[in-house]
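K.L.:
Structure file protein-v2.csv (CSV, C-alpha atoms) right here:
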chain,number,residue,atom,x,y,z
A,291,MET,CA,-5.4,38.0,-46.4
A,292,GLU,CA,-7.2,35.6,-43.9
A,293,LYS,CA,-5.9,34.9,-40.4
A,294,ASN,CA,-7.0,31.6,-38.7
A,295,ILE,CA,-6.8,30.7,-35.0
A,296,SER,CA,-7.9,27.4,-33.4
A,297,SER,CA,-7.3,28.1,-29.7
A,298,PHE,CA,-6.1,30.6,-27.2
A,299,LYS,CA,-4.8,30.8,-23.6
A,300,THR,CA,-6.9,32.8,-21.2
A,301,SER,CA,-5.4,35.2,-18.7
A,302,ASP,CA,-5.6,32.5,-16.0
A,303,GLY,CA,-3.9,29.9,-18.3
A,304,MET,CA,-6.9,27.9,-19.5
A,305,SER,CA,-6.9,26.5,-23.1
A,306,VAL,CA,-10.1,27.5,-24.8
A,307,GLU,CA,-11.0,26.2,-28.3
A,308,VAL,CA,-11.9,29.0,-30.6
A,309,PHE,CA,-12.0,28.5,-34.4
A,310,ALA,CA,-11.6,32.0,-35.8
A,311,SER,CA,-11.2,33.1,-39.4
A,312,PHE,CA,-10.5,36.9,-39.7
A,313,VAL,CA,-10.6,38.7,-43.0
A,314,GLU,CA,-9.3,42.2,-43.8
A,315,ASN,CA,-11.7,45.0,-43.4
A,316,PRO,CA,-14.7,42.8,-42.6
A,317,ARG,CA,-18.2,44.2,-42.9
A,318,ALA,CA,-19.2,42.1,-39.9
A,319,THR,CA,-17.8,39.6,-37.4
A,320,ILE,CA,-19.9,36.6,-36.6
A,321,VAL,CA,-19.7,34.9,-33.2
A,322,VAL,CA,-21.3,31.4,-32.7
A,323,TRP,CA,-22.0,30.3,-29.1
A,324,PRO,CA,-23.1,26.6,-28.8
A,325,CYS,CA,-25.8,25.0,-26.7
A,326,MET,CA,-24.9,24.0,-23.1
A,327,GLY,CA,-22.5,21.1,-23.3
A,328,GLY,CA,-22.4,21.1,-27.1
A,329,SER,CA,-19.7,22.0,-29.5
A,330,VAL,CA,-19.7,24.7,-32.3
A,331,LEU,CA,-18.6,22.0,-34.7
A,332,MET,CA,-22.0,20.3,-34.6
A,333,TYR,CA,-23.6,23.2,-36.4
A,334,ARG,CA,-21.4,22.9,-39.6
A,335,CYS,CA,-21.1,26.6,-40.0
A,336,PRO,CA,-20.2,27.3,-43.7
A,337,VAL,CA,-17.2,29.5,-42.7
A,338,GLU,CA,-15.9,30.0,-46.2
A,339,ARG,CA,-19.3,31.3,-47.4
A,340,PHE,CA,-19.1,34.0,-44.8
A,341,THR,CA,-15.4,34.9,-45.2
A,342,SER,CA,-15.8,35.0,-49.0
A,343,GLY,CA,-18.6,37.4,-48.4
A,344,GLY,CA,-16.4,39.7,-46.3
A,345,CYS,CA,-17.3,38.5,-42.8
A,346,SER,CA,-14.9,37.3,-40.1
A,347,VAL,CA,-16.2,34.2,-38.2
A,348,ILE,CA,-15.5,33.2,-34.6
A,349,LEU,CA,-16.7,29.7,-33.4
A,350,PHE,CA,-16.5,29.8,-29.7
A,351,ASN,CA,-16.4,26.7,-27.4
A,352,PRO,CA,-16.7,27.9,-23.8
A,353,ARG,CA,-14.9,26.1,-21.0
A,354,GLY,CA,-16.2,22.5,-20.7
A,355,HIS,CA,-17.4,22.5,-24.3
A,356,GLY,CA,-15.7,20.7,-27.2
A,357,ALA,CA,-11.9,20.6,-26.6
A,358,SER,CA,-11.9,23.6,-24.2
A,359,GLY,CA,-10.5,22.9,-20.8
A,360,GLY,CA,-12.0,23.6,-17.4
A,361,GLN,CA,-15.6,23.7,-16.2
A,362,PHE,CA,-18.4,25.8,-17.6
A,363,VAL,CA,-19.2,28.9,-15.5
A,364,PRO,CA,-21.2,31.5,-17.5
A,365,GLU,CA,-19.2,34.5,-16.0
A,366,LEU,CA,-15.9,32.9,-16.9
A,367,ALA,CA,-17.1,32.0,-20.4
A,368,ALA,CA,-18.2,35.6,-20.9
A,369,ARG,CA,-14.8,36.9,-19.7
A,370,ASP,CA,-12.9,34.5,-22.0
A,371,LEU,CA,-14.8,35.6,-25.1
A,372,HIS,CA,-14.2,39.3,-24.1
A,373,GLU,CA,-10.5,38.5,-23.7
A,374,PHE,CA,-10.4,36.8,-27.1
A,375,LEU,CA,-12.2,39.7,-28.9
A,376,SER,CA,-10.0,42.3,-27.1
A,377,ARG,CA,-6.8,40.4,-28.2
A,378,TYR,CA,-7.6,39.4,-31.7
A,379,LYS,CA,-10.5,41.5,-33.1
A,380,THR,CA,-8.6,44.6,-34.2
A,381,ASP,CA,-11.2,46.1,-36.5
A,382,LEU,CA,-14.4,48.0,-35.8
A,383,SER,CA,-16.8,45.7,-37.6
A,384,PRO,CA,-20.2,45.1,-36.0
A,385,LEU,CA,-20.5,42.0,-33.9
A,386,TYR,CA,-23.2,39.6,-35.0
A,387,ILE,CA,-23.8,37.0,-32.2
A,388,ILE,CA,-25.6,33.7,-32.8
A,389,GLY,CA,-26.5,31.7,-29.7
A,390,HIS,CA,-28.3,28.3,-29.5
A,391,SER,CA,-30.4,27.1,-26.6
A,392,ALA,CA,-28.8,28.0,-23.3
A,393,GLY,CA,-25.9,29.5,-25.3
A,394,ALA,CA,-28.4,32.2,-26.4
A,395,ASN,CA,-28.9,33.0,-22.7
A,396,ALA,CA,-25.2,33.2,-22.0
A,397,ALA,CA,-24.5,35.2,-25.2
A,398,LEU,CA,-27.1,37.8,-24.1
A,399,GLN,CA,-25.6,38.1,-20.7
A,400,PHE,CA,-22.1,38.4,-22.2
A,401,ALA,CA,-23.4,41.3,-24.4
A,402,THR,CA,-24.9,43.1,-21.4
A,403,GLY,CA,-21.9,42.6,-19.1
A,404,TYR,CA,-19.3,43.8,-21.6
A,405,GLU,CA,-21.5,46.1,-23.7
A,406,ARG,CA,-20.7,44.3,-26.9
A,407,GLY,CA,-23.0,43.0,-29.7
A,408,ASP,CA,-24.7,44.8,-32.6
A,409,ARG,CA,-27.0,42.0,-33.7
A,410,PHE,CA,-28.3,38.8,-32.1
A,411,LEU,CA,-29.8,35.7,-33.5
A,412,LEU,CA,-31.2,33.5,-30.8
A,413,VAL,CA,-32.0,29.9,-31.9
A,414,SER,CA,-34.3,27.9,-29.6
A,415,PRO,CA,-33.3,30.2,-26.7
A,416,VAL,CA,-33.5,28.9,-23.2
A,417,LEU,CA,-33.9,32.1,-21.4
A,418,ASP,CA,-34.3,30.7,-17.9
A,419,SER,CA,-32.4,27.5,-17.1
A,420,ILE,CA,-34.5,26.4,-14.2
A,421,GLU,CA,-37.8,27.1,-16.0
A,422,SER,CA,-36.5,24.9,-18.9
A,423,LEU,CA,-36.1,21.8,-16.8
A,424,ARG,CA,-39.3,22.3,-14.8
A,425,TYR,CA,-41.1,22.6,-18.2
A,426,MET,CA,-39.5,19.4,-19.4
A,427,TYR,CA,-40.6,17.6,-16.2
A,428,ARG,CA,-44.1,19.0,-16.6
A,429,ILE,CA,-44.6,17.9,-20.3
A,430,LYS,CA,-42.7,14.6,-19.7
A,431,THR,CA,-39.8,15.2,-22.1
A,432,ILE,CA,-37.2,15.2,-19.4
A,433,ALA,CA,-35.8,11.9,-20.6
A,434,GLU,CA,-34.1,13.8,-23.5
A,435,PHE,CA,-32.1,15.8,-20.9
A,436,ASN,CA,-31.6,12.9,-18.4
A,437,MET,CA,-30.1,10.5,-21.0
A,438,LEU,CA,-27.5,13.1,-22.1
A,439,ILE,CA,-26.4,13.7,-18.5
A,440,GLY,CA,-26.5,10.0,-17.6
A,441,ALA,CA,-24.2,9.2,-20.6
A,442,ILE,CA,-21.3,11.3,-19.3
A,443,THR,CA,-21.1,9.8,-15.8
A,444,ARG,CA,-19.6,6.5,-14.7
A,445,ASP,CA,-22.8,5.5,-12.8
A,446,ARG,CA,-25.6,6.0,-15.2
A,447,ASP,CA,-28.2,4.2,-13.0
A,448,PHE,CA,-27.5,6.4,-10.0
A,449,THR,CA,-27.5,9.6,-12.1
A,450,LEU,CA,-30.9,8.7,-13.7
A,451,SER,CA,-32.3,7.8,-10.2
A,452,VAL,CA,-31.4,11.3,-9.0
A,453,LEU,CA,-32.9,13.0,-12.1
A,454,GLU,CA,-36.0,10.8,-12.2
A,455,ASN,CA,-38.2,13.6,-10.7
A,456,GLU,CA,-37.9,17.3,-9.7
A,457,GLU,CA,-37.0,16.7,-6.1
A,458,TRP,CA,-33.3,17.2,-6.7
A,459,MET,CA,-33.9,20.7,-7.9
A,460,GLU,CA,-35.1,21.9,-4.5
A,461,PRO,CA,-32.0,23.7,-3.0
A,462,GLU,CA,-32.6,22.1,0.5
A,463,THR,CA,-32.7,18.6,-1.0
A,464,TRP,CA,-29.7,19.2,-3.2
A,465,ARG,CA,-27.6,20.3,-0.2
A,466,LYS,CA,-28.9,17.8,2.3
A,467,LYS,CA,-28.2,14.8,-0.1
A,468,ASP,CA,-24.8,16.3,-1.1
A,469,TYR,CA,-25.6,15.7,-4.8
A,470,ARG,CA,-22.9,18.0,-6.1
A,471,LYS,CA,-20.1,16.0,-4.6
A,472,ARG,CA,-21.8,12.6,-5.2
A,473,LEU,CA,-22.3,13.4,-8.9
A,474,ASN,CA,-18.8,15.0,-9.3
A,475,ASP,CA,-17.3,11.8,-7.8
A,476,ILE,CA,-18.7,9.7,-10.7
A,477,SER,CA,-17.8,12.3,-13.4
A,478,GLY,CA,-14.9,12.5,-15.7
A,479,ASP,CA,-13.3,15.8,-16.7
A,480,PHE,CA,-16.8,17.4,-17.0
A,481,HIS,CA,-18.1,17.7,-13.4
A,482,VAL,CA,-21.8,16.9,-13.6
A,483,GLY,CA,-22.6,17.9,-10.0
A,484,SER,CA,-21.1,21.4,-10.4
A,485,PHE,CA,-22.8,21.8,-13.8
A,486,LEU,CA,-26.2,20.9,-12.4
A,487,GLU,CA,-25.8,23.2,-9.4
A,488,ILE,CA,-24.8,26.2,-11.5
A,489,LEU,CA,-27.5,25.9,-14.1
A,490,PHE,CA,-30.4,24.4,-12.2
A,491,ILE,CA,-30.0,25.1,-8.5
A,492,ASP,CA,-28.6,28.6,-8.8
A,493,GLY,CA,-30.0,29.1,-12.3
A,494,TYR,CA,-29.5,31.7,-15.0
A,495,ASN,CA,-32.1,34.1,-16.3
A,496,ALA,CA,-31.7,36.4,-19.3
A,497,PHE,CA,-35.2,37.9,-19.5
A,498,ASP,CA,-33.9,41.5,-18.8
A,499,ASP,CA,-31.0,41.0,-21.2
A,500,LEU,CA,-33.4,40.0,-24.0
A,501,ILE,CA,-35.5,43.1,-23.4
A,502,LEU,CA,-32.4,45.3,-23.3
A,503,HIS,CA,-31.2,44.0,-26.7
A,504,GLY,CA,-34.7,43.4,-28.1
A,505,GLU,CA,-34.6,45.7,-31.1
A,506,LYS,CA,-31.3,44.2,-32.2
A,507,SER,CA,-32.5,40.6,-31.8
A,508,THR,CA,-34.3,37.9,-33.7
A,509,VAL,CA,-35.5,34.7,-32.2
A,510,LEU,CA,-35.7,31.6,-34.4
A,511,LEU,CA,-37.9,28.7,-33.1
A,512,PRO,CA,-38.6,25.2,-34.4
A,513,ARG,CA,-42.1,24.0,-35.1
A,514,GLN,CA,-42.0,22.1,-31.7
A,515,ASP,CA,-39.6,22.7,-28.8
A,516,ASN,CA,-39.6,20.1,-26.0
A,517,TRP,CA,-37.0,22.1,-24.0
A,518,TYR,CA,-38.6,25.5,-23.4
A,519,PRO,CA,-42.1,26.9,-23.3
A,520,PHE,CA,-43.2,28.9,-26.3
A,521,GLU,CA,-45.5,31.0,-24.1
A,522,THR,CA,-42.5,32.5,-22.2
A,523,VAL,CA,-40.6,33.3,-25.4
A,524,LYS,CA,-43.7,34.9,-27.0
A,525,ALA,CA,-44.5,37.1,-24.0
A,526,LEU,CA,-40.9,38.3,-23.8
A,527,THR,CA,-40.5,39.0,-27.5
A,528,ASP,CA,-43.8,40.9,-27.6
A,529,ARG,CA,-42.7,42.9,-24.6
A,530,GLY,CA,-39.2,43.6,-25.9
A,531,ASN,CA,-40.1,44.3,-29.6
A,532,VAL,CA,-38.1,41.3,-30.6
A,533,ARG,CA,-38.6,39.8,-34.0
A,534,LEU,CA,-39.9,36.2,-33.7
A,535,GLN,CA,-39.9,33.7,-36.5
A,536,ILE,CA,-40.7,30.0,-36.7
A,537,LEU,CA,-38.4,28.2,-39.1
A,538,GLN,CA,-40.5,25.6,-40.8
A,539,GLU,CA,-37.5,23.4,-41.7
A,540,ALA,CA,-36.8,22.9,-38.0
A,541,GLY,CA,-38.8,20.3,-36.1
A,542,ASP,CA,-37.1,20.2,-32.8
A,543,HIS,CA,-35.1,22.1,-30.2
A,544,PHE,CA,-31.8,21.2,-31.8
A,545,PHE,CA,-32.8,22.2,-35.3
A,546,THR,CA,-31.9,18.8,-36.5
A,547,GLY,CA,-31.2,18.8,-40.2
A,548,ALA,CA,-32.1,22.5,-40.4
A,549,TRP,CA,-28.9,24.3,-39.7
A,550,GLY,CA,-28.3,24.8,-43.5
A,551,ALA,CA,-31.5,26.9,-43.5
A,552,VAL,CA,-30.3,28.8,-40.5
A,553,TRP,CA,-27.1,29.8,-42.2
A,554,ASP,CA,-29.0,30.8,-45.3
A,555,TRP,CA,-31.1,33.0,-43.1
A,556,VAL,CA,-28.0,34.6,-41.6
A,557,LEU,CA,-26.5,35.3,-45.0
A,558,GLU,CA,-29.7,37.1,-46.1
A,559,ASP,CA,-29.9,39.0,-42.8
A,560,LEU,CA,-26.2,40.1,-43.1
A,561,THR,CA,-26.9,41.4,-46.6
A,562,ALA,CA,-29.8,43.4,-45.4
A,563,LEU,CA,-28.1,44.8,-42.4
A,564,PHE,CA,-24.5,45.5,-43.4
Represent the supplied structure as structure tokens.

P.N.:
Amino acid sequence: MEKNISSFKTSDGMSVEVFASFVENPRATIVVWPCMGGSVLMYRCPVERFTSGGCSVILFNPRGHGASGGQFVPELAARDLHEFLSRYKTDLSPLYIIGHSAGANAALQFATGYERGDRFLLVSPVLDSIESLRYMYRIKTIAEFNMLIGAITRDRDFTLSVLENEEWMEPETWRKKDYRKRLNDISGDFHVGSFLEILFIDGYNAFDDLILHGEKSTVLLPRQDNWYPFETVKALTDRGNVRLQILQEAGDHFFTGAWGAVWDWVLEDLTALF
């Protein structure tokens, strides 16, 4: 018998969107963690293919993603997922975690902090949030990021003027110009200033986490990634004995049109592993 869940309340009362399908005696439990600001629904995970094959599936939207309430803070997101698993995952099946982009970074840190995770698939991983943006400024692809951020504020022109160059990423400049408050003041429910400060002023780095979980991990990359340097990923995967594969069907960071191939890859990997 299959049990389905679409949301849950955290211990501090926040409503978090989690689409979970639990099967009896699963051979594995899949967890999908989306890219920063994205929603798990965008990946069109073929849940029924996995559940019919004996796997439970958990599609997790952290705070500030999809219909989840609150603001994204990696530590809170990790705690929420841990709470959910502790409350609803009652079996001992291995945990197969799939993270995309900065979601791969967060998923690795979750696994380290809570000592959970038996297998990791890291799709276009952004392993250092600050390095990612500095790379995009350097290769002049930053407009891809800036347009996404500008679209979720009430003053697109001001937002784009702040993000036009790297100056805002200097902590002294960020504080002196009070960008967190100024950007939060023109935000909706998603506080852009707080988001930028957490990810790109304070920053999050998962280098050590990837090394720690290296032998249990696979990195899938597109043919071309405008969001994170291949050289960093290659150096870390070599150092950590991490399997690295370029998926030819994927041509960009978001694996546009290639998620069907990703899910096929996961099904094959699950069959080989469990």

K.L.:
Skip Leu534 of chain A itself and residues of its chain fewer than 4 positions away, then list as a ChimeraX atom specification all residues within 8 Å of it, counting only C-alpha atoms.

P.N.:
/A:508-511,524,527

K.L.:
Per residue of segment 447-536 of chain A within 8 Å of segment 413-417 of chain A, which atom pair is closest and at what distance in Å (one decimal), using all atoms listed in the file, listed by chain and increasing number, as a tab-separated table?

P.N.:
residue	atom	partner	partner_atom	distance
A:Tyr494	CA	A:Leu417	CA	7.8
A:Asn495	CA	A:Leu417	CA	5.8
A:Ala496	CA	A:Leu417	CA	5.3
A:Phe497	CA	A:Leu417	CA	6.2
A:Val509	CA	A:Val413	CA	5.9
A:Leu510	CA	A:Val413	CA	4.8
A:Leu511	CA	A:Ser414	CA	5.1
A:Pro512	CA	A:Ser414	CA	7.0
A:Asp515	CA	A:Ser414	CA	7.5
A:Trp517	CA	A:Val416	CA	7.7
A:Tyr518	CA	A:Val416	CA	6.1
A:Val523	CA	A:Leu417	CA	7.9

K.L.:
Quick one: everything within 10 Å of Ser301 of chain A, counting only C-alpha atoms, minus sequence neighbours fewer than 3 positions away in the same chain. Send it as a list in words.

P.N.:
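These residues fall inside the cut-off: Phe298, Met304, Ser305, Arg369, Asp370, Glu373 and Phe374 of chain A.
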
K.L.:
Using all atoms listed in the file, determine which residues lie at most 7 Å from Asn516 of chain A, disregarding the query and same-chain residues fewer than 2 positions distant; provide the list as a count of residues only.

P.N.:
5

K.L.:
For the interface of segment 396-433 of chain A with segment 444-465 of chain A (cut-off 10 Å, counting all atoms listed in the file), please tabulate each contacting residue of segment 396-433 of chain A alongside its nearest pair of atoms and their separation in Å to one decimal, rows sorted by chain and increasing number, as a Markdown table.

P.N.:
| residue | atom | partner | partner_atom | distance |
| --- | --- | --- | --- | --- |
| A:Ile420 | CA | A:Met459 | CA | 8.5 |
| A:Leu423 | CA | A:Glu456 | CA | 8.6 |
| A:Arg424 | CA | A:Glu456 | CA | 7.3 |
| A:Tyr427 | CA | A:Glu456 | CA | 7.0 |
| A:Arg428 | CA | A:Glu456 | CA | 9.4 |
| A:Ile432 | CA | A:Glu454 | CA | 8.5 |
| A:Ala433 | CA | A:Glu454 | CA | 8.5 |

K.L.:
Could you check how far atom CA of Gly403 of chain A sits from atom CA of Ala525 of chain A, in Å to one decimal?

P.N.:
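These two atoms are separated by 23.8 Å.
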
K.L.:
In terms of the shortest atom-to-atom distance over all atoms listed in the file, which of A:Glu434, A:Asp302, A:Glu307, A:Asp554 is closest to Ser358 of chain A?

P.N.:
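Comparing A:Glu434, A:Asp302, A:Glu307, A:Asp554 against Ser358 of chain A, the winner is A:Glu307.
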
K.L.:
So that all listed atoms of segment 546-552 of chain A fit with 6 Å spare on each side, what axis-aligned box centre and edge lengths in Å, to one decimal, would you give as AutoDock Vina command-line options?

P.N.:
--center_x -30.2 --center_y 23.8 --center_z -40.0 --size_x 15.8 --size_y 22.0 --size_z 19.0

K.L.:
Using all atoms listed in the file, which of A:Leu375, A:Leu502, A:Leu411, A:Ile320 sits nearest Gly343 of chain A?

P.N.:
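Ranking A:Leu375, A:Leu502, A:Leu411, A:Ile320 by distance to Gly343 of chain A, first place goes to A:Ile320.
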
K.L.:
So how many Å separate atom CA of Gly504 of chain A and atom CA of Trp549 of chain A, to one decimal?

P.N.:
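The value is 23.1 Å.
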
K.L.:
Can you measure atom CA of Ser383 of chain A to atom CA of Thr319 of chain A for me? One decimal in Å is fine.

P.N.:
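Taking atom CA of Ser383 of chain A and atom CA of Thr319 of chain A, their separation equals 6.2 Å.
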
K.L.:
Determine the nearest neighbour of Gly550 of chain A from the options A:Leu438, A:Glu405, A:Arg513, A:Leu537, counting all atoms listed in the file.

P.N.:
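That would be A:Leu537, the residue with the smallest distance to Gly550 of chain A.
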
K.L.:
Have a look at A:Thr546, A:Gly389, A:Ala401, A:Asp498 and name the one nearest to Glu365 of chain A; count only C-alpha atoms.

P.N.:
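With only C-alpha atoms as the atom set, the closest residue is A:Ala401.
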
K.L.:
Give me, as a list in words, all polymer residues having an atom no more than 12 Å from Asp475 of chain A, counting only C-alpha atoms and skipping those fewer than 3 positions away in the same chain.

P.N.:
Thr443, Arg444, Asp445, Phe448, Thr449, Asp468, Tyr469, Arg470, Lys471, Arg472, Gly478, Asp479, Phe480, His481, Val482, Gly483 and Ser484 of chain A

K.L.:
Kindly provide the residues of segment 350-432 of chain A that approach segment 312-317 of chain A to within 10 Å, each paired with its closest atom pair and their distance in Å to one decimal, based on all atoms listed in the file, listed by chain and increasing number, as a Markdown table.

P.N.:
| residue | atom | partner | partner_atom | distance |
| --- | --- | --- | --- | --- |
| A:Tyr378 | CA | A:Phe312 | CA | 8.9 |
| A:Lys379 | CA | A:Phe312 | CA | 8.0 |
| A:Thr380 | CA | A:Phe312 | CA | 9.7 |
| A:Asp381 | CA | A:Asn315 | CA | 7.0 |
| A:Leu382 | CA | A:Pro316 | CA | 8.6 |
| A:Ser383 | CA | A:Arg317 | CA | 5.7 |
| A:Pro384 | CA | A:Arg317 | CA | 7.2 |
| A:Leu385 | CA | A:Arg317 | CA | 9.5 |

K.L.:
Can you pull out every residue within 8 Å of His355 of chain A, counting all atoms listed in the file, but drop anything in the same chain fewer than 2 positions away, and send it as a list of chain:residue names?

P.N.:
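Residues meeting the cut-off are A:Met326, A:Gly327, A:Gly328, A:Ser329, A:Asn351, A:Pro352, A:Arg353, A:Ala357, A:Ser358, A:Gly359, A:Phe362.
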
K.L.:
Any chance you could build segment 497-525 of chain A out to N, CA and C atoms and write it as an mmCIF file, in the frame of the given file?

P.N.:
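Listed below is the output, result16.cif:
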data_model
loop_
_atom_site.group_PDB
_atom_site.id
_atom_site.type_symbol
_atom_site.label_atom_id
_atom_site.label_comp_id
_atom_site.auth_asym_id
_atom_site.auth_seq_id
_atom_site.Cartn_x
_atom_site.Cartn_y
_atom_site.Cartn_z
ATOM 1 N N PHE A 497 -34.017 37.189 -19.064
ATOM 2 C CA PHE A 497 -35.200 37.900 -19.500
ATOM 3 C C PHE A 497 -34.875 39.421 -19.692
ATOM 4 N N ASP A 498 -34.240 40.034 -18.696
ATOM 5 C CA ASP A 498 -33.900 41.500 -18.800
ATOM 6 C C ASP A 498 -32.939 41.735 -19.931
ATOM 7 N N ASP A 499 -32.033 40.789 -20.156
ATOM 8 C CA ASP A 499 -31.000 41.000 -21.200
ATOM 9 C C ASP A 499 -31.701 40.933 -22.594
ATOM 10 N N LEU A 500 -32.684 40.050 -22.760
ATOM 11 C CA LEU A 500 -33.400 40.000 -24.000
ATOM 12 C C LEU A 500 -34.157 41.308 -24.267
ATOM 13 N N ILE A 501 -34.798 41.824 -23.232
ATOM 14 C CA ILE A 501 -35.500 43.100 -23.400
ATOM 15 C C ILE A 501 -34.535 44.215 -23.726
ATOM 16 N N LEU A 502 -33.383 44.225 -23.055
ATOM 17 C CA LEU A 502 -32.400 45.300 -23.300
ATOM 18 C C LEU A 502 -31.917 45.261 -24.757
ATOM 19 N N HIS A 503 -31.705 44.081 -25.311
ATOM 20 C CA HIS A 503 -31.200 44.000 -26.700
ATOM 21 C C HIS A 503 -32.276 43.640 -27.691
ATOM 22 N N GLY A 504 -33.518 43.838 -27.283
ATOM 23 C CA GLY A 504 -34.700 43.400 -28.100
ATOM 24 C C GLY A 504 -34.693 43.862 -29.501
ATOM 25 N N GLU A 505 -34.496 45.142 -29.716
ATOM 26 C CA GLU A 505 -34.600 45.700 -31.100
ATOM 27 C C GLU A 505 -33.479 45.247 -31.986
ATOM 28 N N LYS A 506 -32.427 44.704 -31.395
ATOM 29 C CA LYS A 506 -31.300 44.200 -32.200
ATOM 30 C C LYS A 506 -31.346 42.693 -32.368
ATOM 31 N N SER A 507 -32.437 42.071 -31.891
ATOM 32 C CA SER A 507 -32.500 40.600 -31.800
ATOM 33 C C SER A 507 -33.562 39.987 -32.668
ATOM 34 N N THR A 508 -33.281 38.748 -33.084
ATOM 35 C CA THR A 508 -34.300 37.900 -33.700
ATOM 36 C C THR A 508 -34.252 36.548 -33.008
ATOM 37 N N VAL A 509 -35.425 36.007 -32.736
ATOM 38 C CA VAL A 509 -35.500 34.700 -32.200
ATOM 39 C C VAL A 509 -36.036 33.731 -33.271
ATOM 40 N N LEU A 510 -35.301 32.649 -33.482
ATOM 41 C CA LEU A 510 -35.700 31.600 -34.400
ATOM 42 C C LEU A 510 -36.165 30.380 -33.611
ATOM 43 N N LEU A 511 -37.374 29.916 -33.853
ATOM 44 C CA LEU A 511 -37.900 28.700 -33.100
ATOM 45 C C LEU A 511 -38.218 27.628 -34.118
ATOM 46 N N PRO A 512 -38.166 26.381 -33.621
ATOM 47 C CA PRO A 512 -38.600 25.200 -34.400
ATOM 48 C C PRO A 512 -40.142 25.131 -34.359
ATOM 49 N N ARG A 513 -40.697 24.239 -35.123
ATOM 50 C CA ARG A 513 -42.100 24.000 -35.100
ATOM 51 C C ARG A 513 -42.566 23.484 -33.690
ATOM 52 N N GLN A 514 -41.692 22.696 -33.061
ATOM 53 C CA GLN A 514 -42.000 22.100 -31.700
ATOM 54 C C GLN A 514 -40.713 22.136 -30.916
ATOM 55 N N ASP A 515 -40.806 22.657 -29.692
ATOM 56 C CA ASP A 515 -39.600 22.700 -28.800
ATOM 57 C C ASP A 515 -39.982 22.026 -27.492
ATOM 58 N N ASN A 516 -39.322 20.901 -27.225
ATOM 59 C CA ASN A 516 -39.600 20.100 -26.000
ATOM 60 C C ASN A 516 -38.730 20.632 -24.814
ATOM 61 N N TRP A 517 -37.947 21.697 -25.018
ATOM 62 C CA TRP A 517 -37.000 22.100 -24.000
ATOM 63 C C TRP A 517 -37.398 23.451 -23.317
ATOM 64 N N TYR A 518 -38.270 24.229 -23.940
ATOM 65 C CA TYR A 518 -38.600 25.500 -23.400
ATOM 66 C C TYR A 518 -39.969 25.978 -23.822
ATOM 67 N N PRO A 519 -40.763 26.601 -22.916
ATOM 68 C CA PRO A 519 -42.100 26.900 -23.300
ATOM 69 C C PRO A 519 -42.254 28.097 -24.262
ATOM 70 N N PHE A 520 -43.004 27.868 -25.317
ATOM 71 C CA PHE A 520 -43.200 28.900 -26.300
ATOM 72 C C PHE A 520 -43.888 30.140 -25.685
ATOM 73 N N GLU A 521 -44.774 29.931 -24.712
ATOM 74 C CA GLU A 521 -45.500 31.000 -24.100
ATOM 75 C C GLU A 521 -44.556 32.048 -23.470
ATOM 76 N N THR A 522 -43.500 31.572 -22.834
ATOM 77 C CA THR A 522 -42.500 32.500 -22.200
ATOM 78 C C THR A 522 -41.815 33.299 -23.290
ATOM 79 N N VAL A 523 -41.359 32.618 -24.330
ATOM 80 C CA VAL A 523 -40.600 33.300 -25.400
ATOM 81 C C VAL A 523 -41.542 34.337 -26.072
ATOM 82 N N LYS A 524 -42.770 33.949 -26.355
ATOM 83 C CA LYS A 524 -43.700 34.900 -27.000
ATOM 84 C C LYS A 524 -43.975 36.102 -26.179
ATOM 85 N N ALA A 525 -44.188 35.915 -24.885
ATOM 86 C CA ALA A 525 -44.500 37.100 -24.000
ATOM 87 C C ALA A 525 -43.291 38.009 -23.959
#
